[in-house]
Amino acid sequence: MLATQKPKAVILLSGGLDSSTVLAIAKSQGYDCYCLSLDYHQRHNVELLAAQRVATALGATEHKTVQLDLSLFGGSALTDSSIAVPEQESQGIPVTYVPARNTIMLSLALAWAEVLQARDIFIGVNALDYSGYPDCRGEYVKAFQQMANLATKAAVEGQTITVHAPLIDMTKADIIRSGHALGLDYGLTVSCYQANQQGAACGVCDSCRFRKAGFAQAGVVDPTPYVGTSSGA
C-alpha cells in the first residue's frame, strides 16, 4: 500500500524568530514544507543565511530565495541606507515598515503554491508584539486569502487556498514557548534590523526589543549573539 502523501504548503521564511516558528509548526502539523525567502536588498540581509540554516535544520523539502530589489523604491529604513533604523520606541508606524512587503511575498508564495498544487500558505505575521505594521493584521490576512481565491486558476477550478497565520494572536513569549516545545533552535535565527554580517544583533531596534522581552517573559534562555557579547541571557 502506498503511503499517504503529505499535503504541500508554502512557508514564507525570512530567517527570523516568527517565520522560523511557523515552519516548525507547519512541520509538526504534517505538511510537506516548501520555504520561500525574499532577497529584497534588505539592510539585514544576513537573515537570508539564517533562513537557509533553519530550512535545512527543520527538513524543508525545498527552499527558494527570490531576488527582488525593493531598494529601487526605498521608503523604508530597511531598504534605504540614508534612513536610520530607530533605536528607541517611536509613535505610529515606524520607518522600518517596508511598503507592500507582505503583499509582495504572499503573492510570490501564491504563485509557487499554484505551481506546486499546494492549497496552504503559512506566514509569520503577528498582531500583538510587533511594530504596528498594517500588513501584520488578521483582517489583512483574510483579505489576501479572499483575493487569492478570486485570482488563481487553481481556486476557480476548486482548489481553494488557505493562508495560515498561526502566530497572529500570540505574544512573543507564547511564540517562543511554542517553538521551544517543538525543538526549534532559535540560535539559528536572526531578527535584528541591523545585524552585522556575523549575525550579531544590535539589541536596541524594535525587533531586538521585542525578541529580548519575549525570551525573558517565556523563561527561555536567549541564544541571540549581541554586538559586544557572545549571547543574550
# chains A, B, ... in the order shown; residues from 1 in each chain; ligands from 1
call {"tool": "select_by_dssp", "arguments": {"residues": "segment 17-227 of chain A", "states": "helix (DSSP H, G or I)", "output": "ChimeraX atom specification"}}
result
/A:17-28,47-57,70-72,101-116,134-136,138-151,153-156,172-181,186-188,206-218
call {"tool": "residues_around", "arguments": {"residues": "Pro134 of chain A", "least_positions_apart": "6", "cutoff": "10 Å", "atoms": "only C-alpha atoms", "output": "list of chain:residue names"}}
result
A:Ile93, A:Tyr97, A:Pro99, A:Ala100, A:Asn102, A:Ala127, A:Tyr140
call {"tool": "closest_residue", "arguments": {"among": "A:Asp18, A:Asp206, A:Asp174, A:Asp120", "to": "Thr162 of chain A", "atoms": "only C-alpha atoms"}}
result
A:Asp120
call {"tool": "residues_around", "arguments": {"residues": "Cys205 of chain A", "least_positions_apart": "4", "cutoff": "10 Å", "atoms": "only C-alpha atoms", "output": "list in words"}}
result
Val85, Pro86, Glu87, Gln88, Glu89, Thr96, Ser191, Cys192, Tyr193, Gln194, Ala195, Ala201, Arg209, Phe210 and Arg211 of chain A
call {"tool": "write_last_selection", "arguments": {"atoms": "N, CA and C atoms", "output": "PDB file, in the first residue's frame"}}
result
ATOM      1  N   VAL A  85      17.805  53.232  11.209  1.00  0.00           N
ATOM      2  CA  VAL A  85      16.921  52.328  11.948  1.00  0.00           C
ATOM      3  C   VAL A  85      16.701  52.923  13.344  1.00  0.00           C
ATOM      4  N   PRO A  86      15.449  53.131  13.760  1.00  0.00           N
ATOM      5  CA  PRO A  86      15.186  53.699  15.092  1.00  0.00           C
ATOM      6  C   PRO A  86      15.726  52.789  16.192  1.00  0.00           C
ATOM      7  N   GLU A  87      16.320  53.403  17.192  1.00  0.00           N
ATOM      8  CA  GLU A  87      16.857  52.638  18.320  1.00  0.00           C
ATOM      9  C   GLU A  87      16.119  52.941  19.607  1.00  0.00           C
ATOM     10  N   GLN A  88      15.004  53.655  19.480  1.00  0.00           N
ATOM     11  CA  GLN A  88      14.114  53.908  20.602  1.00  0.00           C
ATOM     12  C   GLN A  88      12.681  53.754  20.108  1.00  0.00           C
ATOM     13  N   GLU A  89      11.784  53.445  21.027  1.00  0.00           N
ATOM     14  CA  GLU A  89      10.381  53.283  20.662  1.00  0.00           C
ATOM     15  C   GLU A  89       9.831  54.566  20.077  1.00  0.00           C
ATOM     16  N   THR A  96      10.743  51.407   9.713  1.00  0.00           N
ATOM     17  CA  THR A  96      11.183  50.077   9.300  1.00  0.00           C
ATOM     18  C   THR A  96      10.107  49.339   8.503  1.00  0.00           C
ATOM     19  N   SER A 191      16.867  38.177  13.886  1.00  0.00           N
ATOM     20  CA  SER A 191      15.718  39.079  13.876  1.00  0.00           C
ATOM     21  C   SER A 191      16.109  40.547  13.726  1.00  0.00           C
ATOM     22  N   CYS A 192      17.326  40.889  14.120  1.00  0.00           N
ATOM     23  CA  CYS A 192      17.748  42.288  14.209  1.00  0.00           C
ATOM     24  C   CYS A 192      17.700  42.999  12.865  1.00  0.00           C
ATOM     25  N   TYR A 193      17.190  44.236  12.864  1.00  0.00           N
ATOM     26  CA  TYR A 193      17.094  45.031  11.643  1.00  0.00           C
ATOM     27  C   TYR A 193      18.444  45.554  11.167  1.00  0.00           C
ATOM     28  N   GLN A 194      19.448  45.508  12.034  1.00  0.00           N
ATOM     29  CA  GLN A 194      20.770  45.978  11.630  1.00  0.00           C
ATOM     30  C   GLN A 194      21.856  45.019  12.143  1.00  0.00           C
ATOM     31  N   ALA A 195      21.559  43.740  12.050  1.00  0.00           N
ATOM     32  CA  ALA A 195      22.546  42.728  12.439  1.00  0.00           C
ATOM     33  C   ALA A 195      23.785  42.840  11.553  1.00  0.00           C
ATOM     34  N   ALA A 201      23.331  40.841  16.871  1.00  0.00           N
ATOM     35  CA  ALA A 201      22.216  41.790  16.917  1.00  0.00           C
ATOM     36  C   ALA A 201      22.596  43.058  17.671  1.00  0.00           C
ATOM     37  N   ARG A 209      14.177  44.496  20.669  1.00  0.00           N
ATOM     38  CA  ARG A 209      13.496  44.730  21.950  1.00  0.00           C
ATOM     39  C   ARG A 209      12.369  43.717  22.159  1.00  0.00           C
ATOM     40  N   PHE A 210      11.586  43.486  21.123  1.00  0.00           N
ATOM     41  CA  PHE A 210      10.502  42.501  21.236  1.00  0.00           C
ATOM     42  C   PHE A 210      11.069  41.104  21.476  1.00  0.00           C
ATOM     43  N   ARG A 211      12.139  40.780  20.783  1.00  0.00           N
ATOM     44  CA  ARG A 211      12.744  39.456  20.910  1.00  0.00           C
ATOM     45  C   ARG A 211      13.314  39.240  22.315  1.00  0.00           C
TER      46      ARG A 211
END
call {"tool": "residues_around", "arguments": {"residues": "Phe215 of chain A", "least_positions_apart": "4", "cutoff": "9 Å", "atoms": "only C-alpha atoms", "output": "PDB file with N, CA, C and O atoms, in the first residue's frame"}}
result
ATOM      1  N   LYS A 172       4.896  37.418  21.982  1.00  0.00           N
ATOM      2  CA  LYS A 172       6.222  36.930  21.596  1.00  0.00           C
ATOM      3  C   LYS A 172       6.660  35.801  22.520  1.00  0.00           C
ATOM      4  O   LYS A 172       7.273  34.827  22.077  1.00  0.00           O
ATOM      5  N   ALA A 173       6.320  35.908  23.799  1.00  0.00           N
ATOM      6  CA  ALA A 173       6.675  34.842  24.745  1.00  0.00           C
ATOM      7  C   ALA A 173       5.980  33.537  24.375  1.00  0.00           C
ATOM      8  O   ALA A 173       6.594  32.458  24.418  1.00  0.00           O
ATOM      9  N   ILE A 176       7.713  31.982  21.371  1.00  0.00           N
ATOM     10  CA  ILE A 176       8.978  31.348  21.747  1.00  0.00           C
ATOM     11  C   ILE A 176       8.735  30.028  22.470  1.00  0.00           C
ATOM     12  O   ILE A 176       9.410  29.025  22.205  1.00  0.00           O
ATOM     13  N   ARG A 177       7.756  30.013  23.362  1.00  0.00           N
ATOM     14  CA  ARG A 177       7.441  28.761  24.056  1.00  0.00           C
ATOM     15  C   ARG A 177       7.007  27.682  23.062  1.00  0.00           C
ATOM     16  O   ARG A 177       7.377  26.509  23.191  1.00  0.00           O
ATOM     17  N   PHE A 210      11.586  43.486  21.123  1.00  0.00           N
ATOM     18  CA  PHE A 210      10.502  42.501  21.236  1.00  0.00           C
ATOM     19  C   PHE A 210      11.069  41.104  21.476  1.00  0.00           C
ATOM     20  O   PHE A 210      10.536  40.325  22.270  1.00  0.00           O
ATOM     21  N   ARG A 211      12.139  40.780  20.783  1.00  0.00           N
ATOM     22  CA  ARG A 211      12.744  39.456  20.910  1.00  0.00           C
ATOM     23  C   ARG A 211      13.314  39.240  22.315  1.00  0.00           C
ATOM     24  O   ARG A 211      13.060  38.214  22.948  1.00  0.00           O
ATOM     25  N   GLY A 219      10.754  32.715  29.833  1.00  0.00           N
ATOM     26  CA  GLY A 219      11.608  31.939  30.718  1.00  0.00           C
ATOM     27  C   GLY A 219      12.516  30.989  29.963  1.00  0.00           C
ATOM     28  O   GLY A 219      12.912  29.933  30.467  1.00  0.00           O
ATOM     29  N   VAL A 220      12.862  31.370  28.732  1.00  0.00           N
ATOM     30  CA  VAL A 220      13.734  30.569  27.877  1.00  0.00           C
ATOM     31  C   VAL A 220      15.038  31.338  27.684  1.00  0.00           C
ATOM     32  O   VAL A 220      15.023  32.554  27.465  1.00  0.00           O
ATOM     33  N   VAL A 221      16.156  30.636  27.763  1.00  0.00           N
ATOM     34  CA  VAL A 221      17.454  31.285  27.576  1.00  0.00           C
ATOM     35  C   VAL A 221      17.540  31.887  26.176  1.00  0.00           C
ATOM     36  O   VAL A 221      17.236  31.232  25.176  1.00  0.00           O
ATOM     37  N   ASP A 222      17.941  33.131  26.108  1.00  0.00           N
ATOM     38  CA  ASP A 222      18.079  33.841  24.837  1.00  0.00           C
ATOM     39  C   ASP A 222      19.425  33.481  24.209  1.00  0.00           C
ATOM     40  O   ASP A 222      20.477  33.842  24.739  1.00  0.00           O
ATOM     41  N   ALA A 233      20.977  36.009  27.116  1.00  0.00           N
ATOM     42  CA  ALA A 233      20.830  35.941  28.567  1.00  0.00           C
ATOM     43  C   ALA A 233      21.944  35.129  29.194  1.00  0.00           C
ATOM     44  O   ALA A 233      22.459  34.214  28.602  1.00  0.00           O
TER      45      ALA A 233
END
call {"tool": "closest_residue", "arguments": {"among": "A:Gln42, A:Ser82, A:Gln52, A:Ser207", "to": "Arg101 of chain A", "atoms": "only C-alpha atoms"}}
result
A:Gln42
call {"tool": "atom_distance", "arguments": {"atom1": "atom CA of Ser178 of chain A", "atom2": "atom CA of Val190 of chain A"}}
result
17.6 Å
call {"tool": "select_by_dssp", "arguments": {"residues": "segment 53-154 of chain A", "states": "strand (DSSP E)", "output": "PyMOL selection string"}}
result
chain A and resi 62-67+120-122
call {"tool": "residues_around", "arguments": {"residues": "Ile104 of chain A", "least_positions_apart": "2", "cutoff": "12 Å", "atoms": "only C-alpha atoms", "output": "MDAnalysis selection string"}}
result
chainID A and resid 12 36:40 66:70 98:102 106:111 135 144
call {"tool": "closest_residue", "arguments": {"among": "A:Ala60, A:Ser19, A:Val95, A:Ala9", "to": "Glu114 of chain A", "atoms": "only C-alpha atoms"}}
result
A:Ala9
call {"tool": "atom_distance", "arguments": {"atom1": "atom CA of Thr160 of chain A", "atom2": "atom CA of Gly124 of chain A"}}
result
20.4 Å
call {"tool": "atom_distance", "arguments": {"atom1": "atom CA of Asn45 of chain A", "atom2": "atom CA of Ser20 of chain A"}}
result
15.8 Å
call {"tool": "closest_residue", "arguments": {"among": "A:Leu182, A:Ala213, A:Val10, A:Ala77", "to": "Val115 of chain A", "atoms": "only C-alpha atoms"}}
result
A:Val10
call {"tool": "decode", "arguments": {"residues": "segment 129-145 of chain A", "atoms": "all heavy atoms", "output": "PDB file, in the first residue's frame"}}
result
ATOM      1  N   ASP A 129       2.723  41.495  19.671  1.00  0.00           N
ATOM      2  CA  ASP A 129       4.072  42.014  19.911  1.00  0.00           C
ATOM      3  C   ASP A 129       4.761  42.298  18.588  1.00  0.00           C
ATOM      4  O   ASP A 129       5.554  41.509  18.084  1.00  0.00           O
ATOM      5  CB  ASP A 129       4.891  41.007  20.722  1.00  0.00           C
ATOM      6  CG  ASP A 129       4.428  40.921  22.160  1.00  0.00           C
ATOM      7  OD1 ASP A 129       3.681  41.815  22.582  1.00  0.00           O
ATOM      8  OD2 ASP A 129       4.809  39.967  22.853  1.00  0.00           O
ATOM      9  N   TYR A 130       4.447  43.430  18.006  1.00  0.00           N
ATOM     10  CA  TYR A 130       5.015  43.791  16.708  1.00  0.00           C
ATOM     11  C   TYR A 130       5.098  45.304  16.622  1.00  0.00           C
ATOM     12  O   TYR A 130       4.761  46.010  17.565  1.00  0.00           O
ATOM     13  CB  TYR A 130       4.176  43.204  15.572  1.00  0.00           C
ATOM     14  CG  TYR A 130       2.885  43.948  15.254  1.00  0.00           C
ATOM     15  CD1 TYR A 130       2.627  44.415  13.969  1.00  0.00           C
ATOM     16  CD2 TYR A 130       1.934  44.197  16.241  1.00  0.00           C
ATOM     17  CE1 TYR A 130       1.452  45.087  13.679  1.00  0.00           C
ATOM     18  CE2 TYR A 130       0.763  44.874  15.952  1.00  0.00           C
ATOM     19  CZ  TYR A 130       0.526  45.321  14.672  1.00  0.00           C
ATOM     20  OH  TYR A 130      -0.625  45.999  14.381  1.00  0.00           O
ATOM     21  N   SER A 131       5.552  45.821  15.487  1.00  0.00           N
ATOM     22  CA  SER A 131       5.824  47.255  15.371  1.00  0.00           C
ATOM     23  C   SER A 131       4.662  48.068  14.810  1.00  0.00           C
ATOM     24  O   SER A 131       4.829  49.229  14.472  1.00  0.00           O
ATOM     25  CB  SER A 131       7.069  47.462  14.498  1.00  0.00           C
ATOM     26  OG  SER A 131       8.203  46.894  15.103  1.00  0.00           O
ATOM     27  N   GLY A 132       3.485  47.472  14.678  1.00  0.00           N
ATOM     28  CA  GLY A 132       2.336  48.216  14.180  1.00  0.00           C
ATOM     29  C   GLY A 132       2.221  48.246  12.678  1.00  0.00           C
ATOM     30  O   GLY A 132       1.536  49.106  12.118  1.00  0.00           O
ATOM     31  N   TYR A 133       2.865  47.313  11.981  1.00  0.00           N
ATOM     32  CA  TYR A 133       2.788  47.288  10.525  1.00  0.00           C
ATOM     33  C   TYR A 133       1.363  46.940  10.084  1.00  0.00           C
ATOM     34  O   TYR A 133       0.764  45.994  10.604  1.00  0.00           O
ATOM     35  CB  TYR A 133       3.746  46.254   9.944  1.00  0.00           C
ATOM     36  CG  TYR A 133       5.214  46.476  10.256  1.00  0.00           C
ATOM     37  CD1 TYR A 133       6.111  45.419  10.195  1.00  0.00           C
ATOM     38  CD2 TYR A 133       5.709  47.730  10.596  1.00  0.00           C
ATOM     39  CE1 TYR A 133       7.463  45.605  10.462  1.00  0.00           C
ATOM     40  CE2 TYR A 133       7.053  47.924  10.866  1.00  0.00           C
ATOM     41  CZ  TYR A 133       7.929  46.854  10.797  1.00  0.00           C
ATOM     42  OH  TYR A 133       9.252  47.034  11.062  1.00  0.00           O
ATOM     43  N   PRO A 134       0.822  47.647   9.098  1.00  0.00           N
ATOM     44  CA  PRO A 134      -0.563  47.389   8.683  1.00  0.00           C
ATOM     45  C   PRO A 134      -0.762  46.024   8.025  1.00  0.00           C
ATOM     46  O   PRO A 134      -1.877  45.499   8.024  1.00  0.00           O
ATOM     47  CB  PRO A 134      -0.857  48.526   7.693  1.00  0.00           C
ATOM     48  CG  PRO A 134       0.479  49.005   7.241  1.00  0.00           C
ATOM     49  CD  PRO A 134       1.398  48.801   8.395  1.00  0.00           C
ATOM     50  N   ASP A 135       0.320  45.436   7.473  1.00  0.00           N
ATOM     51  CA  ASP A 135       0.178  44.149   6.799  1.00  0.00           C
ATOM     52  C   ASP A 135       0.509  42.972   7.728  1.00  0.00           C
ATOM     53  O   ASP A 135       0.884  41.894   7.275  1.00  0.00           O
ATOM     54  CB  ASP A 135       1.031  44.087   5.525  1.00  0.00           C
ATOM     55  CG  ASP A 135       2.500  44.435   5.758  1.00  0.00           C
ATOM     56  OD1 ASP A 135       2.879  44.717   6.916  1.00  0.00           O
ATOM     57  OD2 ASP A 135       3.270  44.423   4.777  1.00  0.00           O
ATOM     58  N   CYS A 136       0.344  43.202   9.035  1.00  0.00           N
ATOM     59  CA  CYS A 136       0.507  42.132  10.024  1.00  0.00           C
ATOM     60  C   CYS A 136      -0.784  41.888  10.795  1.00  0.00           C
ATOM     61  O   CYS A 136      -0.777  41.253  11.851  1.00  0.00           O
ATOM     62  CB  CYS A 136       1.637  42.479  11.004  1.00  0.00           C
ATOM     63  SG  CYS A 136       3.282  42.335  10.295  1.00  0.00           S
ATOM     64  N   ARG A 137      -1.897  42.372  10.283  1.00  0.00           N
ATOM     65  CA  ARG A 137      -3.179  42.260  10.979  1.00  0.00           C
ATOM     66  C   ARG A 137      -4.016  41.113  10.412  1.00  0.00           C
ATOM     67  O   ARG A 137      -3.907  40.757   9.244  1.00  0.00           O
ATOM     68  CB  ARG A 137      -3.962  43.565  10.840  1.00  0.00           C
ATOM     69  CG  ARG A 137      -3.278  44.778  11.486  1.00  0.00           C
ATOM     70  CD  ARG A 137      -4.026  46.060  11.182  1.00  0.00           C
ATOM     71  NE  ARG A 137      -4.002  46.350   9.754  1.00  0.00           N
ATOM     72  CZ  ARG A 137      -4.838  47.197   9.147  1.00  0.00           C
ATOM     73  NH1 ARG A 137      -5.775  47.816   9.856  1.00  0.00           N
ATOM     74  NH2 ARG A 137      -4.747  47.406   7.858  1.00  0.00           N
ATOM     75  N   GLY A 138      -4.854  40.552  11.267  1.00  0.00           N
ATOM     76  CA  GLY A 138      -5.697  39.437  10.854  1.00  0.00           C
ATOM     77  C   GLY A 138      -6.598  39.776   9.692  1.00  0.00           C
ATOM     78  O   GLY A 138      -6.807  38.951   8.784  1.00  0.00           O
ATOM     79  N   GLU A 139      -7.156  40.989   9.681  1.00  0.00           N
ATOM     80  CA  GLU A 139      -8.059  41.358   8.595  1.00  0.00           C
ATOM     81  C   GLU A 139      -7.320  41.446   7.256  1.00  0.00           C
ATOM     82  O   GLU A 139      -7.897  41.171   6.198  1.00  0.00           O
ATOM     83  CB  GLU A 139      -8.788  42.668   8.895  1.00  0.00           C
ATOM     84  CG  GLU A 139      -7.895  43.849   9.248  1.00  0.00           C
ATOM     85  CD  GLU A 139      -7.734  44.043  10.745  1.00  0.00           C
ATOM     86  OE1 GLU A 139      -7.460  43.050  11.446  1.00  0.00           O
ATOM     87  OE2 GLU A 139      -7.862  45.206  11.196  1.00  0.00           O
ATOM     88  N   TYR A 140      -6.040  41.788   7.315  1.00  0.00           N
ATOM     89  CA  TYR A 140      -5.235  41.809   6.091  1.00  0.00           C
ATOM     90  C   TYR A 140      -5.067  40.385   5.552  1.00  0.00           C
ATOM     91  O   TYR A 140      -5.227  40.139   4.352  1.00  0.00           O
ATOM     92  CB  TYR A 140      -3.873  42.449   6.344  1.00  0.00           C
ATOM     93  CG  TYR A 140      -2.874  42.143   5.251  1.00  0.00           C
ATOM     94  CD1 TYR A 140      -2.944  42.801   4.022  1.00  0.00           C
ATOM     95  CD2 TYR A 140      -1.899  41.171   5.417  1.00  0.00           C
ATOM     96  CE1 TYR A 140      -2.065  42.491   2.997  1.00  0.00           C
ATOM     97  CE2 TYR A 140      -1.016  40.855   4.408  1.00  0.00           C
ATOM     98  CZ  TYR A 140      -1.099  41.519   3.197  1.00  0.00           C
ATOM     99  OH  TYR A 140      -0.232  41.202   2.181  1.00  0.00           O
ATOM    100  N   VAL A 141      -4.728  39.457   6.427  1.00  0.00           N
ATOM    101  CA  VAL A 141      -4.527  38.063   6.014  1.00  0.00           C
ATOM    102  C   VAL A 141      -5.810  37.504   5.391  1.00  0.00           C
ATOM    103  O   VAL A 141      -5.780  36.849   4.343  1.00  0.00           O
ATOM    104  CB  VAL A 141      -4.075  37.196   7.201  1.00  0.00           C
ATOM    105  CG1 VAL A 141      -4.000  35.728   6.799  1.00  0.00           C
ATOM    106  CG2 VAL A 141      -2.719  37.670   7.727  1.00  0.00           C
ATOM    107  N   LYS A 142      -6.946  37.779   6.022  1.00  0.00           N
ATOM    108  CA  LYS A 142      -8.235  37.309   5.489  1.00  0.00           C
ATOM    109  C   LYS A 142      -8.523  37.921   4.117  1.00  0.00           C
ATOM    110  O   LYS A 142      -9.021  37.238   3.215  1.00  0.00           O
ATOM    111  CB  LYS A 142      -9.355  37.648   6.459  1.00  0.00           C
ATOM    112  CG  LYS A 142      -9.308  36.856   7.760  1.00  0.00           C
ATOM    113  CD  LYS A 142     -10.390  37.308   8.723  1.00  0.00           C
ATOM    114  CE  LYS A 142     -10.289  36.581  10.061  1.00  0.00           C
ATOM    115  NZ  LYS A 142     -11.294  37.082  11.035  1.00  0.00           N
ATOM    116  N   ALA A 143      -8.199  39.193   3.962  1.00  0.00           N
ATOM    117  CA  ALA A 143      -8.437  39.867   2.686  1.00  0.00           C
ATOM    118  C   ALA A 143      -7.562  39.283   1.583  1.00  0.00           C
ATOM    119  O   ALA A 143      -8.021  39.093   0.446  1.00  0.00           O
ATOM    120  CB  ALA A 143      -8.188  41.367   2.829  1.00  0.00           C
ATOM    121  N   PHE A 144      -6.295  38.992   1.927  1.00  0.00           N
ATOM    122  CA  PHE A 144      -5.422  38.397   0.909  1.00  0.00           C
ATOM    123  C   PHE A 144      -5.933  37.014   0.524  1.00  0.00           C
ATOM    124  O   PHE A 144      -5.933  36.655  -0.665  1.00  0.00           O
ATOM    125  CB  PHE A 144      -3.972  38.312   1.402  1.00  0.00           C
ATOM    126  CG  PHE A 144      -3.039  37.884   0.298  1.00  0.00           C
ATOM    127  CD1 PHE A 144      -2.384  38.830  -0.465  1.00  0.00           C
ATOM    128  CD2 PHE A 144      -2.863  36.541  -0.018  1.00  0.00           C
ATOM    129  CE1 PHE A 144      -1.566  38.443  -1.529  1.00  0.00           C
ATOM    130  CE2 PHE A 144      -2.050  36.139  -1.066  1.00  0.00           C
ATOM    131  CZ  PHE A 144      -1.392  37.093  -1.819  1.00  0.00           C
ATOM    132  N   GLN A 145      -6.363  36.238   1.489  1.00  0.00           N
ATOM    133  CA  GLN A 145      -6.888  34.904   1.179  1.00  0.00           C
ATOM    134  C   GLN A 145      -8.098  34.998   0.253  1.00  0.00           C
ATOM    135  O   GLN A 145      -8.227  34.220  -0.705  1.00  0.00           O
ATOM    136  CB  GLN A 145      -7.270  34.184   2.470  1.00  0.00           C
ATOM    137  CG  GLN A 145      -7.874  32.804   2.248  1.00  0.00           C
ATOM    138  CD  GLN A 145      -8.183  32.098   3.548  1.00  0.00           C
ATOM    139  OE1 GLN A 145      -7.283  31.710   4.270  1.00  0.00           O
ATOM    140  NE2 GLN A 145      -9.474  31.946   3.852  1.00  0.00           N
TER     141      GLN A 145
END
